[in-house]
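Below is one structure; the comments refer to it alone.
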Amino acid sequence: MEKELIVIGAGPAGMTAGMYGVRSGLDSLVLERGICGGLSNEAPAIENYPGFNEIGGMELASRMKEHVMKYVEIRELERVDVIEPKADGFEVSTDKNSYHAKAIVICTGTRHRRLGVKGEGEFLGKGVSYCAACDGFFFKNRNVAVVGGGDSAARTALYLYNLGCQVTLIHRRDALRAEQYLQQKLGEADVNICWNSVVKVIKGDNVVKSVVIDTRGVERELPVAGVFVAIGEDPNSELAAKIGVTLDEKNYIITDKSQRTNIKRVYAAGDVTGGLRQVVVACAEGAIAASSAYEDLV
Ligand code: NAP
């Protein structure tokens, strides 16, 4: 199938890029290996997307999808496996089809970073989770641990606290990097914070029963029913790297202000480019990327 613009990934960046592509006159298609929304689906509450005092990530993503699909076709559950540069564009092969595009916008987002400790993989879905909005309900009123010190960890801890959980936040340093507003809310909530502490092992039988934490060389076992890991994300930039797109030292895609990469007619937008990883930024970058593609193609 022949397209002028193919957008890979249908998070906020990809959906917006697709809409701007079509509205600027490009025959565009958005391909998404999962469902629309990406990691924004997991945000229990978004309070800094202008126009909404507070909205659940899933609700916002679903409104975006409904809006954007008035303009552009989005194919969900279709995974891009290979991008192959051709003389006149790119061949994009998925697990279902093969496409030819004159230009590509890569909006493949990020994935949850793993702790890499014993028990993490074994108890995934049996007490270990990376998404409080998805799984928190099952831990209502129970003891849970949250690992991390950024916005995600703070939000996860607050969400679980509001569900009635007894929350212990485990952070490897003596200060959080979460925004001040969240730190203040954490201070007001009855959340126990274990500073200078790392998780050594997650223990259980069929389900999680405890975590062993090491605080400056002293180990102790904390009984918990759930462990929510919120230690940041890593970019899904492998497809881009394979066609020679330049990445930074943390594997995020490097773009200029027009969202152009070092490869002609390849653009990138959203979390996969790093920086301030927020929905509002992803949307803006998606719009800019599609507009740059339009400029380069006409
Ligand atoms: P982050 O800001 O990178 O924070 C990751 C945290 O995990 C840091 O505190 C880090 O510790 C810790 N950490 C990293 N690797 C670790 C390891 N192996 N073991 C133990 N701790 C580890 O990530 P984030 O909180 O996911 O936030 C990412 C981006 O998403 C940010 O830009 C954030 O603003 C955005 N975000 C926005 C919202 C929203 O609603 N607006 C919600 C969530 C996230 P150190 O502090 O020691 O490095």
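Numbering starts fresh at 1 for the residues of each chain in the structure tokens, the chains themselves are lettered A, B, ... in the order given, and ligands are numbered from 1 as they appear.
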Report as an MDAnalysis selection string all protein, DNA and RNA residues lying within 10 Å of Tyr49 of chain A, evaluated on only C-alpha atoms, omitting residues in the same chain fewer than 6 positions from it. chainID A and resid 55 60 278:281
With N, CA and C atoms kept, could you save the residues just selected as a CSV table (one decimal), in the first residue's frame?
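Saved result, again19.csv, follows:
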```csv
chain,number,residue,atom,x,y,z
A,55,ILE,N,-8.0,14.9,34.3
A,55,ILE,CA,-8.6,13.9,33.5
A,55,ILE,C,-7.7,12.6,33.5
A,60,LEU,N,-8.4,10.7,28.4
A,60,LEU,CA,-7.8,11.7,27.5
A,60,LEU,C,-7.4,11.0,26.2
A,278,GLN,N,5.9,14.9,28.6
A,278,GLN,CA,4.5,15.2,29.0
A,278,GLN,C,3.6,15.1,27.8
A,279,VAL,N,2.3,14.9,28.0
A,279,VAL,CA,1.4,14.7,26.9
A,279,VAL,C,1.3,16.0,26.0
A,280,VAL,N,1.3,17.2,26.7
A,280,VAL,CA,1.2,18.4,26.0
A,280,VAL,C,2.4,18.6,25.0
A,281,VAL,N,3.6,18.2,25.5
A,281,VAL,CA,4.8,18.3,24.6
A,281,VAL,C,4.7,17.3,23.5
```
Neighbourhood of ligand 1 at 6 Å, counting only C-alpha atoms and all ligand atoms, reported as JSON, numbers by chain: {"A": [46, 115, 148, 149, 150, 151, 152, 153, 172, 173, 176, 177, 230, 231, 232, 233, 276, 277, 278]}
Would you kindly return, as a list in words, each protein, DNA or RNA residue with an atom no farther than 12 Å from any atom of Phe138 of chain A, considering only C-alpha atoms and excluding same-chain residues fewer than 2 positions away?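 Listed by chain and then number, they are Gly125, Lys126, Gly127, Val128, Ser129, Cys131, Ala132, Ala133, Cys134, Asp135, Gly136, Lys140, Asn141, Arg142, Asn143, Val144, Leu160, Leu163, Gly164, Cys165, Ala225 and Gly226 of chain A.
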How would you write, as a VMD selection string, the set of residues in segment 12-225 of chain A that DSSP gives as alpha helix (DSSP H)? chain A and resid 12 to 23 57 to 68 132 to 135 151 to 162 180 to 188
Compile the contact shell of Tyr71 of chain A as a short mmCIF file (atom, residue, chain, number, x, y, z; two decimals) with N, CA, C and O atoms, in the first residue's frame: residues with an atom at most 12 Å away, counting only C-alpha atoms, same-chain residues fewer than 2 positions apart removed.
```cif
data_model
loop_
_atom_site.label_atom_id
_atom_site.label_comp_id
_atom_site.auth_asym_id
_atom_site.auth_seq_id
_atom_site.Cartn_x
_atom_site.Cartn_y
_atom_site.Cartn_z
N MET A 15 -0.81 10.24 17.32
CA MET A 15 -2.18 10.59 16.91
C MET A 15 -2.21 12.01 16.36
O MET A 15 -2.83 12.29 15.33
N THR A 16 -1.50 12.91 17.05
CA THR A 16 -1.51 14.30 16.59
C THR A 16 -0.79 14.43 15.25
O THR A 16 -1.25 15.16 14.36
N ALA A 17 0.33 13.72 15.09
CA ALA A 17 1.06 13.77 13.82
C ALA A 17 0.16 13.31 12.68
O ALA A 17 0.13 13.91 11.60
N GLY A 18 -0.59 12.24 12.91
CA GLY A 18 -1.48 11.71 11.87
C GLY A 18 -2.54 12.74 11.48
O GLY A 18 -2.81 12.98 10.30
N MET A 19 -3.11 13.38 12.49
CA MET A 19 -4.16 14.37 12.22
C MET A 19 -3.58 15.56 11.45
O MET A 19 -4.16 16.02 10.46
N TYR A 20 -2.43 16.04 11.87
CA TYR A 20 -1.81 17.18 11.17
C TYR A 20 -1.37 16.78 9.77
O TYR A 20 -1.43 17.59 8.85
N GLY A 21 -0.93 15.54 9.61
CA GLY A 21 -0.53 15.07 8.27
C GLY A 21 -1.69 15.17 7.30
O GLY A 21 -1.60 15.77 6.24
N VAL A 22 -2.82 14.59 7.70
CA VAL A 22 -4.00 14.59 6.82
C VAL A 22 -4.49 16.01 6.58
O VAL A 22 -4.82 16.39 5.46
N ARG A 23 -4.53 16.80 7.64
CA ARG A 23 -5.06 18.16 7.49
C ARG A 23 -4.18 19.04 6.61
O ARG A 23 -4.63 20.04 6.05
N SER A 24 -2.88 18.66 6.51
CA SER A 24 -2.04 19.45 5.61
C SER A 24 -2.08 18.89 4.19
O SER A 24 -1.46 19.42 3.28
N GLY A 25 -2.82 17.80 4.01
CA GLY A 25 -3.03 17.30 2.65
C GLY A 25 -2.24 16.04 2.33
O GLY A 25 -2.28 15.55 1.20
N LEU A 26 -1.54 15.47 3.31
CA LEU A 26 -0.75 14.26 3.04
C LEU A 26 -1.62 13.01 3.27
O LEU A 26 -2.35 12.94 4.26
N ASP A 27 -1.49 12.07 2.35
CA ASP A 27 -2.17 10.79 2.52
C ASP A 27 -1.42 10.04 3.64
O ASP A 27 -0.30 9.58 3.43
N SER A 28 -2.04 9.96 4.81
CA SER A 28 -1.32 9.50 6.00
C SER A 28 -1.97 8.28 6.63
O SER A 28 -3.18 8.06 6.48
N LEU A 29 -1.17 7.55 7.36
CA LEU A 29 -1.66 6.37 8.08
C LEU A 29 -0.88 6.26 9.39
O LEU A 29 0.33 6.52 9.41
N VAL A 30 -1.57 5.87 10.46
CA VAL A 30 -0.90 5.66 11.75
C VAL A 30 -0.95 4.17 12.08
O VAL A 30 -2.01 3.55 12.02
N MET A 64 -8.83 11.71 22.45
CA MET A 64 -7.93 12.04 21.33
C MET A 64 -8.19 11.12 20.15
O MET A 64 -8.27 11.56 19.01
N LYS A 65 -8.32 9.83 20.45
CA LYS A 65 -8.54 8.85 19.37
C LYS A 65 -9.81 9.18 18.60
O LYS A 65 -9.82 9.23 17.37
N GLU A 66 -10.89 9.43 19.35
CA GLU A 66 -12.18 9.73 18.72
C GLU A 66 -12.06 10.96 17.81
O GLU A 66 -12.57 10.98 16.69
N HIS A 67 -11.35 11.97 18.31
CA HIS A 67 -11.18 13.22 17.55
C HIS A 67 -10.32 12.99 16.29
O HIS A 67 -10.72 13.31 15.17
N VAL A 68 -9.17 12.36 16.51
CA VAL A 68 -8.17 12.22 15.44
C VAL A 68 -8.68 11.30 14.32
O VAL A 68 -8.41 11.53 13.14
N MET A 69 -9.47 10.27 14.71
CA MET A 69 -9.93 9.32 13.69
C MET A 69 -10.97 9.93 12.75
O MET A 69 -11.34 9.31 11.76
N GLU A 73 -6.68 7.43 9.43
CA GLU A 73 -6.88 6.02 9.80
C GLU A 73 -5.79 5.60 10.77
O GLU A 73 -4.60 5.86 10.53
N ILE A 74 -6.21 4.95 11.85
CA ILE A 74 -5.23 4.39 12.79
C ILE A 74 -5.44 2.88 12.79
O ILE A 74 -6.54 2.40 13.03
#
```
Could you pull out all residues of segment 78-298 of chain A with a DSSP call of strand (DSSP E or B) and give them as a ChimeraX atom specification? /A:80-86,89-94,98-106,110-112,118,124,128-129,143-147,166-170,192-194,197-204,208-215,218-223,226-229,233-235,247,253,260,266-268
Go through A:Ala154, A:Met1, A:Ile6, A:Leu182 one by one, measure the shortest atom-to-atom distance of each to Ala268 of chain A using only C-alpha atoms, and give the residue with the smallest value. A:Ile6
Which residues come within 9 Å of segment 11-14 of chain A, counting only C-alpha atoms, excluding same-chain residues fewer than 4 positions away, as an MDAnalysis selection string? chainID A and resid 7 18:19 30:32 35:41 61 64:65 105:109 269:271 279:287
Contacts between segment 255-265 of chain A and segment 33-96 of chain A, please, where a residue of segment 33-96 of chain A counts if it comes within 12 Å (with only C-alpha atoms); show its shortest atom pair and distance in Å to one decimal, rows by chain and ascending number, as JSON lines.
```
{"residue": "A:Pro85", "atom": "CA", "partner": "A:Ile263", "partner_atom": "CA", "distance": 9.9}
{"residue": "A:Lys86", "atom": "CA", "partner": "A:Arg265", "partner_atom": "CA", "distance": 11.6}
{"residue": "A:Ala87", "atom": "CA", "partner": "A:Lys264", "partner_atom": "CA", "distance": 11.4}
{"residue": "A:Asp88", "atom": "CA", "partner": "A:Arg265", "partner_atom": "CA", "distance": 10.3}
{"residue": "A:Gly89", "atom": "CA", "partner": "A:Arg265", "partner_atom": "CA", "distance": 7.8}
{"residue": "A:Phe90", "atom": "CA", "partner": "A:Arg265", "partner_atom": "CA", "distance": 9.3}
```
Create the file for the chosen residues now, containing C-alpha atoms and written as a JSON list (two decimals), in the first residue's frame.
```
[["chain", "number", "residue", "atom", "x", "y", "z"],
["A", 85, "PRO", "CA", 15.06, 2.78, 3.17],
["A", 86, "LYS", "CA", 14.35, 2.80, -0.59],
["A", 87, "ALA", "CA", 15.39, 5.26, -3.30],
["A", 88, "ASP", "CA", 12.00, 7.02, -3.17],
["A", 89, "GLY", "CA", 11.08, 6.59, 0.49],
["A", 90, "PHE", "CA", 10.68, 3.71, 2.91]]
```
Name the residues in contact with Val82 of chain A at a cut-off of 9 Å, using only C-alpha atoms, excluding same-chain residues fewer than 5 positions from it; report them as a ChimeraX atom specification. /A:91-94,239,242
Might you pull out every residue within 7 Å of Thr215 of chain A, with only C-alpha atoms counted and same-chain residues fewer than 3 positions away left off, and present them as a count of residues only? 5
